[in-house]
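Colleague: First the structure, which I've put down as structure tokens, then a few questions once you've had a look.
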Protein chains: 2
Amino acid sequence: MAIRISIYEDNQPLRDALSLLVQTTDNFELTGAYGDCLNLEQQMVAHRPDVVLMDIDLPEISGIEATLKLHRQFPDTDVLILTVFDDSDRVFEAIRAGATGYLLKKTPPVRILEAIQEVYEGGAPMSPGIARRVMKSLHRSTAPHELDQLTPREATVLALLAAGNSYKMVAAEAAISIDTVRTHIRRIYEKLHVHSVTEAVAKYLTR
Amino acid sequence: MAIRISIYEDNQPLRDALSLLVQTTDNFELTGAYGDCLNLEQQMVAHRPDVVLMDIDLPEISGIEATLKLHRQFPDTDVLILTVFDDSDRVFEAIRAGATGYLLKKTPPVRILEAIQEVYEGGAPMSPGIARRVMKSLHRSTAPHELDQLTPREATVLALLAAGNSYKMVAAEAAISIDTVRTHIRRIYEKLHVHSVTEAVAKYLTR
DNA sequence: CGTAAAATCCCATATCTATGCGATGGGCCA
DNA sequence: TGGCCCATCGCATAGATATGGGATTTTACG
């Protein structure tokens, strides 16, 4: 069965070119091509595409917002972003919104078709630079972190605090007195250069 | 100038096959092929490869530990994982340790060569299923989150708290009285079902 | 235009946190 | 064995937080 594809792209020449590309490819079926996402929902319900090619810079509703809606309401449809934007903000917003792939517009047509196929088969095609950005975002910081200065016990206490425990609860969990908890927290503050549980936990969680 | 490549793979037939593959490819130069990472550091210093092909299941020192070392001490060298493991734990551990690419061993030889080139050119090649896994890990939960129940003002207050601000500082930043801050926080607590700034911030940061 | 939701402000107080100063015992290692 | 770090516990207190009960003013929207 053919892969059903819808296109959202406000630049008409490009939209037409993409449409033609899809239409003339074996095993691909164009189920729609639109210049905005104003009728996204009804179009989705009507045509049930497998893959949506989505531009980001669309009028009225951005491709990112549309991706979010799509991902929530039609989880079986995959969104493949196709855009000129390669700034981290938009890349990660789009991905967090539920994009399954992210291609830059400079991608050669053949690669776009491959990517559609790849998405359909359970992959997540990205332009090389984008993929690298994504990988980097998952890399643990190479810099020695303040958190690594904590002793095992201090680390335990901080973890318990981050889990939402009060001093008293930490004391109970760790089987130590509340005064000891205080002391550990004091040392934690010194090492992390903070002055409140909130700050310490924030450092811990955003390591 | 040729791309310098070292291989760490304990299965000798495979190691030999990969070595041959690399050696017989234009613009690729094999700088070493080893069955373990026991002399990783000195081998790195001696040969300075651009790309390292790394297995995960190595004797003595795992490929993940080796990747961590490599990434810290030789940030200019990219690590391309080549393994049979596709369980999330190892995938993400390897990536967090600093892997630049992640290929499964079922990857056809030509694709492996392409991937090496891609890594060298600033990409981050992944097997399709791996890439999808990575994308999914970045997707915001599709479930409606408690945090979305917050009003704009409440969200602002929470963000300021998460940044380490005290009530007083939040009041100053948001240009409102401390009593209003209290009220907002109270509502935040109700909506998030928590009873302390720490818990609220934890929910906010781990959304 | 009226009403609901959001945002603002106030008071009071039990409880918790932050922080100063001090102390004991165990383990490691030069 | 003497010194250092870690972990433990104690006391005291100023200041911050959590939470109860109320009230007024914008803002949004049918």
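Within each chain, counting starts at residue 1; across the structure tokens, chains are named A, B, ... in the order shown, with ligands numbered 1 upward in that order.
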When the cut-off is 9 Å and we count only C-alpha atoms (C1' of nucleotides), which residues of chain D are near chain B, given as a list in words?
Modeller: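 Matching residues, ligands excluded from the count: DA16, DT17, DA18 and DT19 of chain D.
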Colleague: Can I get the selection written as a compact mmCIF listing (two decimals), in the first residue's frame, with C-alpha atoms (C1' of nucleotides)?
Modeller:
# COMPACT_ATOMS: atom_id res chain seq x y z
C1' DA D 16 11.72 32.41 55.05
C1' DT D 17 8.03 29.39 53.80
C1' DA D 18 3.34 27.15 53.95
C1' DT D 19 -1.25 27.88 54.63
Colleague: If chain A is superposed onto chain B by least squares using every Cα atom in order, what is the RMSD, in Å to one decimal?
Modeller: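 The root-mean-square deviation of C-alpha positions is 1.1 Å.
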Colleague: Chain A residues within 7 Å of chain B, counting only C-alpha atoms: which ones, as JSON, numbers by chain?
Modeller: {"A": [72, 95, 96, 97, 98, 100, 122, 123, 124, 128, 129, 131, 132, 135, 138, 139, 140, 142, 162, 164, 197, 198, 199, 202, 205]}
Colleague: For chain C, which residues have at least one atom within 9 Å of chain B, if we go by only C-alpha atoms (C1' of nucleotides)? Write them as a ChimeraX atom specification, please.
Modeller: /C:6-10
Colleague: As an exercise, work out the distance from CA of Gln43 in chain A to CA of Asn27 in chain A in Å and give it to one decimal place.
Modeller: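 Atom-to-atom, CA of Gln43 in chain A and CA of Asn27 in chain A are spaced 21.3 Å apart.
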Colleague: Would you please give, as a PDB file with C-alpha atoms, in the first residue's frame, all residues of range 78-204 of chain B that DSSP assigns to strand (DSSP E) based on the backbone?
Modeller:
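Output below, filename out_2.pdb:
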ATOM      1  CA  ASP B  78      34.647  11.532  16.989  1.00  0.00           C
ATOM      2  CA  VAL B  79      33.433   8.180  18.239  1.00  0.00           C
ATOM      3  CA  LEU B  80      31.207   6.105  16.024  1.00  0.00           C
ATOM      4  CA  ILE B  81      29.636   3.244  17.940  1.00  0.00           C
ATOM      5  CA  LEU B  82      29.238   0.008  16.027  1.00  0.00           C
ATOM      6  CA  THR B  83      27.479  -2.623  18.075  1.00  0.00           C
ATOM      7  CA  GLY B 101      27.168   8.249  15.873  1.00  0.00           C
ATOM      8  CA  TYR B 102      25.548   4.911  16.633  1.00  0.00           C
ATOM      9  CA  LEU B 103      25.313   2.111  14.108  1.00  0.00           C
ATOM     10  CA  LEU B 104      24.077  -1.413  14.562  1.00  0.00           C
TER      11      LEU B 104
END
Colleague: To one decimal place, how far is CA of Glu9 in chain A from CA of Gly35 in chain A in Å?
Modeller: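 Rounded to one decimal, the two atoms are 5.1 Å apart.
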Colleague: Determine which residues of range 79-178 of chain B DSSP labels as alpha helix (DSSP H) from the backbone of this structure, then write them out as an MDAnalysis selection string.
Modeller: chainID B and resid 88:96 109:120 128:138 152:162 167:174 178
Colleague: Write out as a PyMOL selection string which residues come within 8 Å of Phe85 in chain A when counting only C-alpha atoms (C1' of nucleotides), dropping same-chain ones fewer than 5 positions away.
Modeller: chain A and resi 56+90-91+104
Colleague: Leaving out range 28-30 of chain D and any residue of its chain fewer than 3 positions from it, which residues lie within 10 Å of it when counting only C-alpha atoms (C1' of nucleotides), given as a compact mmCIF listing (two decimals) with N, CA and C atoms (P, O5', C5', C4', C3', O3' and C1' of nucleotides), in the first residue's frame?
Modeller:
# COMPACT_ATOMS: atom_id res chain seq x y z
P DT C 3 -24.28 38.99 36.76
O5' DT C 3 -23.36 37.68 36.62
C5' DT C 3 -23.35 36.95 35.38
C4' DT C 3 -21.97 36.35 35.18
C3' DT C 3 -21.24 35.98 36.48
O3' DT C 3 -20.72 34.67 36.35
C1' DT C 3 -19.82 37.24 35.09
P DA C 4 -20.33 33.85 37.61
O5' DA C 4 -19.14 32.97 37.02
C5' DA C 4 -19.09 32.68 35.61
C4' DA C 4 -17.64 32.55 35.18
C3' DA C 4 -16.73 31.97 36.26
O3' DA C 4 -15.80 31.09 35.65
C1' DA C 4 -15.95 34.12 35.65
P DA C 5 -14.79 30.26 36.55
O5' DA C 5 -13.39 30.87 36.09
C5' DA C 5 -13.12 31.05 34.70
C4' DA C 5 -11.88 31.89 34.53
C3' DA C 5 -10.72 31.45 35.43
O3' DA C 5 -9.53 31.44 34.65
C1' DA C 5 -11.19 33.75 35.78
P DA C 6 -8.15 31.00 35.27
O5' DA C 6 -7.42 32.41 35.45
C5' DA C 6 -7.36 33.29 34.32
C4' DA C 6 -6.72 34.59 34.73
C3' DA C 6 -5.42 34.44 35.54
O3' DA C 6 -4.43 35.24 34.93
C1' DA C 6 -6.92 35.91 36.64
